[in-house]
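Trainee: Data: run.txt, compact mmCIF, C-alpha atoms.
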# COMPACT_ATOMS: atom_id res chain seq x y z
CA MET A 708 105.74 83.96 94.56
CA ILE A 709 108.50 82.35 96.68
CA LEU A 710 112.26 82.58 97.06
CA SER A 711 114.46 80.26 95.09
CA GLN A 712 115.28 77.01 96.86
CA ASP A 713 118.86 78.15 97.54
CA ASP A 714 117.78 81.55 98.87
CA ALA A 715 115.12 80.00 101.11
CA ALA A 716 117.69 77.58 102.53
CA LEU A 717 120.11 80.48 103.10
CA PHE A 718 117.46 82.53 104.86
CA PHE A 719 116.49 79.76 107.28
CA ARG A 720 120.13 78.97 107.99
CA GLN A 721 120.76 82.63 108.83
CA MET A 722 117.56 83.19 110.80
CA LEU A 723 117.78 80.04 112.89
CA GLY A 724 121.43 80.72 113.65
CA LEU A 725 120.57 84.25 114.77
CA GLN A 726 117.62 83.08 116.88
CA PHE A 727 119.74 80.42 118.56
CA TYR A 728 122.28 83.11 119.44
CA VAL A 729 119.48 85.24 120.94
CA ASN A 730 118.33 82.27 123.00
CA GLN A 731 121.83 81.77 124.31
CA GLN A 732 122.09 85.42 125.27
CA ARG A 733 118.67 85.64 126.90
CA GLN A 734 118.39 82.06 128.18
CA LEU A 735 114.74 81.90 127.20
CA LEU A 736 114.93 78.15 126.55
CA PRO A 737 117.78 77.07 128.82
CA ASN A 738 117.48 73.41 127.92
CA ILE A 739 118.29 74.09 124.27
CA LYS A 740 122.07 73.69 124.05
CA SER A 741 122.75 73.41 120.33
CA LEU A 742 121.61 74.85 117.03
CA GLU A 743 120.48 71.40 115.95
CA ALA A 744 118.23 71.15 119.00
CA TYR A 745 116.84 74.64 118.39
CA GLN A 746 115.93 73.76 114.81
CA LYS A 747 113.70 70.96 116.07
CA ILE A 748 111.62 72.91 118.59
CA GLY A 749 108.03 73.93 117.83
CA SER A 750 106.73 77.24 116.56
CA GLU A 751 105.45 78.31 119.98
CA ASP A 752 108.95 78.25 121.46
CA LYS A 753 110.39 79.91 118.34
CA PHE A 754 107.83 82.72 118.75
CA LEU A 755 109.25 83.39 122.21
CA VAL A 756 112.81 83.74 120.90
CA ARG A 757 111.77 85.58 117.76
CA ASN A 758 109.85 88.21 119.73
CA ALA A 759 112.85 88.77 121.99
CA LEU A 760 115.02 89.31 118.90
CA TRP A 761 112.85 92.01 117.34
CA LYS A 762 112.43 93.78 120.67
CA SER A 763 116.22 93.97 121.02
CA PRO A 764 117.67 94.67 117.55
CA GLU A 765 121.02 95.48 119.16
CA LEU A 766 121.47 91.72 119.40
CA ILE A 767 121.88 91.70 115.62
CA ASP A 768 124.93 93.96 115.95
CA ALA A 769 126.35 91.71 118.65
CA TYR A 770 125.78 88.61 116.54
CA ILE A 771 127.50 90.19 113.53
CA GLN A 772 130.42 91.29 115.70
CA GLU A 773 130.93 87.83 117.19
CA ASN A 774 129.96 85.89 114.07
CA PRO A 775 129.69 82.61 116.00
CA ASN A 776 128.63 80.61 112.94
CA GLY A 777 131.45 81.80 110.70
CA LEU A 778 129.27 83.50 108.10
CA SER A 779 130.68 85.29 105.07
CA LEU A 780 130.69 89.07 104.83
CA GLU A 781 127.84 88.87 102.30
CA GLU A 782 125.73 86.79 104.66
CA LEU A 783 126.46 89.13 107.56
CA SER A 784 125.48 92.07 105.37
CA ILE A 785 122.07 90.49 104.74
CA ILE A 786 121.51 89.98 108.47
CA GLY A 787 122.62 93.53 109.25
CA LYS A 788 119.74 94.88 107.19
CA TRP A 789 117.22 93.02 109.33
CA LYS A 790 117.19 95.92 111.76
CA GLY A 791 114.91 97.57 109.20
CA VAL A 792 111.97 95.23 109.76
CA ILE A 793 108.30 96.19 109.63
CA ALA A 794 106.41 94.55 112.47
CA GLY A 795 102.65 94.67 112.69
CA LYS A 796 99.32 93.47 111.40
CA PHE A 797 98.67 93.07 107.70
CA TYR A 798 95.97 92.02 105.30
CA VAL A 799 97.12 89.35 102.89
CA PHE A 800 95.16 90.81 100.00
CA ARG A 801 96.11 89.14 96.74
CA TYR A 802 98.22 86.31 95.32
CA LEU A 803 99.96 87.24 92.08
CA LYS A 804 102.25 85.24 89.82
CA ASP A 805 105.56 86.53 91.21
CA HIS A 806 104.60 87.78 94.67
CA SER A 807 101.78 88.39 97.10
CA ILE A 808 100.26 91.71 98.14
CA PHE A 809 100.21 92.66 101.82
CA ILE A 810 98.48 95.82 103.05
CA GLY A 811 99.20 97.38 106.43
CA GLU A 812 98.94 100.91 107.82
CA SER A 813 97.61 102.05 104.40
CA LYS A 814 100.85 100.88 102.75
CA VAL A 815 101.03 98.20 100.11
CA TYR A 816 103.89 95.67 100.11
CA GLN A 817 105.08 93.17 97.52
CA VAL A 818 106.07 90.09 99.56
CA LEU A 819 107.64 86.75 98.66
CA GLY A 820 107.00 83.48 100.46
CA LEU A 821 109.83 81.24 101.66
CA HIS A 822 109.69 77.50 100.90
CA GLU A 823 105.94 77.57 100.22
CA PRO A 824 103.65 80.10 98.52
CA PHE A 825 101.27 81.91 100.83
CA ASP A 826 98.16 80.17 99.52
CA VAL A 827 99.69 76.94 100.81
CA VAL A 828 100.86 78.52 104.07
CA PHE A 829 97.31 79.72 104.75
CA HIS A 830 95.71 76.46 103.58
CA GLY A 831 93.62 78.05 100.85
CA ARG A 832 91.67 80.35 103.18
CA PRO A 833 89.66 83.03 101.38
CA LEU A 834 91.28 86.42 100.98
CA PRO A 835 91.80 88.84 102.59
CA ILE A 836 93.48 87.18 105.57
CA TYR A 837 94.38 89.23 108.64
CA ILE A 838 97.76 88.30 110.12
CA GLU A 839 100.45 89.56 112.45
CA THR A 840 104.00 89.04 111.27
CA ILE A 841 107.40 90.58 110.56
CA LEU A 842 108.39 91.85 107.12
CA LEU A 843 112.09 92.10 106.48
CA PRO A 844 114.52 92.73 103.62
CA PHE A 845 116.30 89.91 101.83
CA LYS A 846 118.49 90.50 98.77
CA GLY A 847 116.51 93.52 97.66
CA LYS A 848 113.14 91.83 98.15
CA ILE A 849 110.62 91.69 100.99
CA ILE A 850 109.93 88.42 102.80
CA TYR A 851 108.44 87.51 106.17
CA ASP A 852 110.37 85.95 109.00
CA GLY A 853 108.68 82.56 108.71
CA LEU A 854 106.32 83.00 111.66
CA CYS A 855 102.92 84.65 111.72
CA GLN A 856 99.73 84.69 113.73
CA THR A 857 96.48 84.51 111.78
CA TYR A 858 93.13 85.88 112.89
CA ASN A 859 89.97 83.98 112.04
CA ILE A 860 88.03 86.94 110.65
CA LEU A 861 85.81 87.12 107.58
CA PHE A 862 85.61 90.57 106.02
CA GLY A 863 82.57 92.17 104.44
CA ARG A 864 82.25 94.08 101.22
CA GLY A 865 83.18 97.41 102.81
CA ILE A 866 86.61 96.26 104.03
CA ARG A 867 87.31 94.41 100.79
CA SER A 868 86.41 97.49 98.76
CA ARG A 869 88.64 99.72 100.88
CA LEU A 870 91.59 97.36 100.53
CA ASN A 871 91.06 97.08 96.79
CA GLU A 872 91.05 100.87 96.48
CA GLU A 873 94.28 101.14 98.51
CA TYR A 874 95.90 98.53 96.29
CA MET A 875 94.71 100.07 93.01
CA ALA A 876 95.76 103.57 94.11
CA ALA A 877 99.24 102.33 95.08
CA LYS A 878 99.54 100.42 91.80
CA GLN A 879 98.43 103.38 89.69
CA ASN A 880 100.76 105.82 91.44
CA GLY A 881 103.81 103.58 91.68
CA LEU A 882 103.62 103.30 95.47
CA ILE A 883 103.81 99.55 95.94
CA ILE A 884 106.77 98.94 98.28
CA THR A 885 109.08 96.30 96.85
CA THR A 886 112.07 96.47 99.20
CA LEU A 887 112.93 97.64 102.70
CA GLU A 888 116.57 98.34 101.88
CA PRO A 889 117.17 102.13 101.81
CA GLU A 890 119.97 102.01 99.26
CA THR A 891 117.72 100.44 96.64
CA LEU A 892 114.48 101.52 95.02
CA SER A 893 111.76 101.41 97.67
CA VAL A 894 108.65 101.45 95.51
CA LYS A 895 107.54 99.84 92.29
CA PRO A 896 107.50 102.49 89.59
CA ALA A 897 104.20 103.16 87.89
CA ARG A 898 104.02 101.54 84.49
CA GLN A 899 104.88 104.04 81.78
CA LEU A 900 102.02 103.97 79.34
CA ARG A 901 102.41 104.83 75.69
CA LYS A 902 100.95 108.22 74.82
CA PRO A 903 97.82 107.88 72.68
CA ASP A 904 98.39 108.86 69.07
CA ARG A 905 96.71 111.77 67.32
CA GLU A 906 94.15 109.44 65.75
CA SER A 907 92.60 108.80 69.18
CA GLU A 908 92.17 112.52 69.78
CA VAL A 909 90.58 112.99 66.35
CA ILE A 910 88.11 110.18 67.01
CA VAL A 911 87.11 111.65 70.39
CA GLU A 912 86.74 115.13 68.88
CA GLY A 913 84.42 113.63 66.28
CA ILE A 914 82.33 111.94 68.99
CA ILE A 915 81.99 115.23 70.88
CA GLU A 916 81.01 117.13 67.74
CA ALA A 917 78.45 114.48 66.79
CA SER A 918 77.07 114.24 70.32
CA GLU A 919 76.33 117.97 70.32
CA ARG A 920 73.85 117.37 67.50
CA LEU A 921 72.00 114.63 69.40
CA LYS A 922 68.92 116.24 70.88
CA GLY A 923 65.28 115.46 71.65
CA GLY A 924 63.81 111.98 71.82
CA THR A 925 62.40 110.33 74.92
CA ALA A 926 63.55 111.20 78.43
CA ILE A 927 65.77 108.12 78.48
CA GLN A 928 67.26 108.94 75.07
CA SER A 929 67.92 112.53 76.09
CA ALA A 930 69.64 111.40 79.30
CA ALA A 931 71.72 108.89 77.33
CA PHE A 932 72.80 111.65 74.90
CA GLY A 933 73.90 113.75 77.88
CA LEU A 934 75.89 110.87 79.32
CA LEU A 935 77.63 110.36 75.97
CA ARG A 936 78.59 114.04 75.73
CA ALA A 937 79.88 114.19 79.33
CA SER A 938 81.85 110.96 78.93
CA ALA A 939 83.44 112.08 75.67
CA ARG A 940 84.60 115.33 77.28
CA VAL A 941 86.26 113.39 80.09
CA VAL A 942 88.10 111.26 77.54
CA GLN A 943 89.18 114.37 75.63
CA SER A 944 90.54 116.00 78.79
CA ALA A 945 92.31 112.78 79.83
CA LEU A 946 94.01 112.65 76.42
CA GLN A 947 95.04 116.31 76.31
CA ASN A 948 95.72 117.09 79.98
CA PRO A 949 96.10 113.79 81.90
CA ASN A 950 97.72 115.50 84.90
CA GLU A 951 94.97 118.09 85.40
CA SER A 952 93.27 116.17 88.18
CA GLU A 953 90.96 119.00 89.27
CA GLU A 954 89.56 119.41 85.76
CA LEU A 955 89.15 115.65 85.37
CA GLN A 956 87.32 115.49 88.68
CA ARG A 957 85.02 118.34 87.59
CA LEU A 958 84.19 116.57 84.34
CA GLY A 959 83.87 113.29 86.19
CA ARG A 960 81.18 114.80 88.40
CA LYS A 961 79.28 115.78 85.27
CA VAL A 962 79.45 112.17 84.09
CA HIS A 963 78.18 111.05 87.48
CA ASN A 964 75.27 113.51 87.32
CA ALA A 965 74.44 112.45 83.76
CA LEU A 966 74.48 108.79 84.78
CA ASN A 967 72.17 109.55 87.70
CA ARG A 968 69.71 111.28 85.35
CA LEU A 969 69.72 108.25 83.09
CA GLN A 970 69.18 105.92 86.05
CA VAL A 971 66.26 108.02 87.28
CA GLY A 972 64.68 107.80 83.83
CA LEU A 973 65.12 104.04 83.75
CA ASP A 974 63.65 103.66 87.23
CA ARG A 975 60.61 105.75 86.24
CA ALA A 976 60.09 103.59 83.17
CA LYS A 977 59.65 100.56 85.43
CA GLN A 978 56.75 102.12 87.29
Could I get this structure in the form of C-alpha cells?
Mentor:
Amino acid sequence: MILSQDDAALFFRQMLGLQFYVNQQRQLLPNIKSLEAYQKIGSEDKFLVRNALWKSPELIDAYIQENPNGLSLEELSIIGKWKGVIAGKFYVFRYLKDHSIFIGESKVYQVLGLHEPFDVVFHGRPLPIYIETILLPFKGKIIYDGLCQTYNILFGRGIRSRLNEEYMAAKQNGLIITTLEPETLSVKPARQLRKPDRESEVIVEGIIEASERLKGGTAIQSAAFGLLRASARVVQSALQNPNESEELQRLGRKVHNALNRLQVGLDRAKQ
C-alpha cells in the first residue's frame, strides 16, 4: 500500500529539492535560504510553493537543465515525468493490500502511499473520503505528491453505490489506471478467467431441460419455476456467448421480470 522505504526517501528528496528550487525562482518565501530550512517549514507554506510548481510545469524543465542538486540521470528522468500529473478532486474509495483506490472524473486509479498508508494519513476516517491532491508517476506507479486537502463530507448510499459501480466496472473491464507514464501500460488488464469446461454447459442444459417440465403449483411456486428457467438461460448464454452483451441484457431483463413476479406473489401472501 506504500512505497518502499528507499523509494519514499528518494521521492521526498527529489520533491523537496524541486520545490525549494521553485521557491528560489519565484521568491514566494524569501526568508527561506536553504534546502534544510525549506524542509522544516509547515504544510501551509509548502502548499504555496507546491501550487506554484504545478501551475508552471516549465520550471521542471529548468530544474532538470540546471540540476542544482547534482542528481543522477535516472533521478532527473523520474522528475521529468512529473509534468504528466493529474490534479483535481478524488474520492479515496478503498484500501487494498497493495494499493488504494482513488476515483476522480469517472476514472479509477491505483495509488500508493508514501511513508504511511492512507488509512493512517486520514486517521481512520470512514470511506469514501473526498480530497484534493496531485497524482503523479513514480517508477511506473502512481503516488500523490505528499500534500492533500480533505473535505469533511459524509456520503450517503447513493454516492457510495455509484462509486462502487464505477470501481467494479473498471475492474471488470481492465480499466483501472496503474501508471501515468505513457511508455508503460496505463491500465490494469482484466483478469483472464479460465473458460468453463464442457461439464458446466451440460449441467446447465440439464437444468433448462428439467425446468421446462416444472409447471403448475401455487402462484409462488409457478413464479419460482419461471425464475429458475430465466436464470438458467442467462447462464447458458453467458457460457456459450459471453461477449453477446445485447442478448445477455435481453435475458437479464427476463430474469428481472421473473423475480418481480415472484416478489409480487410473496407480497400478496403476506396480506
Trainee: For Lys753 (chain A), find every residue with an atom within 12 Å (counting all atoms listed in the file), except residues of its own chain fewer than 3 positions away, and show them as a ChimeraX atom specification.
Mentor: /A:722-723,725-727,729-730,735-736,739,744-750,756-760,852-855
Trainee: Using all atoms listed in the file, find the one residue out of A:Glu743, A:Glu919, A:Asp904, A:Glu912 that sits nearest to Val941 (chain A).
Mentor: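 So, comparing all the options, the nearest one is A:Glu912.
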Trainee: Using all atoms listed in the file, which of the listed residues (A:Arg936, A:Lys804, A:Lys790, A:Lys977) sits closest to Gly959 (chain A)?
Mentor: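 Looking only at the distances to Gly959 (chain A), the closest residue turns out to be A:Arg936.
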Trainee: Excluding same-chain residues fewer than 4 positions from region 922-931 of chain A, what lies within 8 Å of it counting only C-alpha atoms, as a tab-separated table (two decimals) with C-alpha atoms, keeping the file's coordinate frame?
Mentor:
chain	number	residue	atom	x	y	z
A	935	LEU	CA	77.63	110.36	75.97
A	965	ALA	CA	74.44	112.45	83.76
A	966	LEU	CA	74.48	108.79	84.78
A	968	ARG	CA	69.71	111.28	85.35
A	969	LEU	CA	69.72	108.25	83.09
A	972	GLY	CA	64.68	107.80	83.83
A	973	LEU	CA	65.12	104.04	83.75
Trainee: At a cut-off of 10 Å, using only C-alpha atoms, what residues contact Ala794 (chain A)? Leave out same-chain residues fewer than 2 positions from it and give the result as a list in words.
Mentor: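 Answer for this query is Trp761, Gly791, Val792, Lys796, Phe797, Gly811, Glu839, Thr840, Ile841, Leu842, Leu843 and Tyr851 of chain A.
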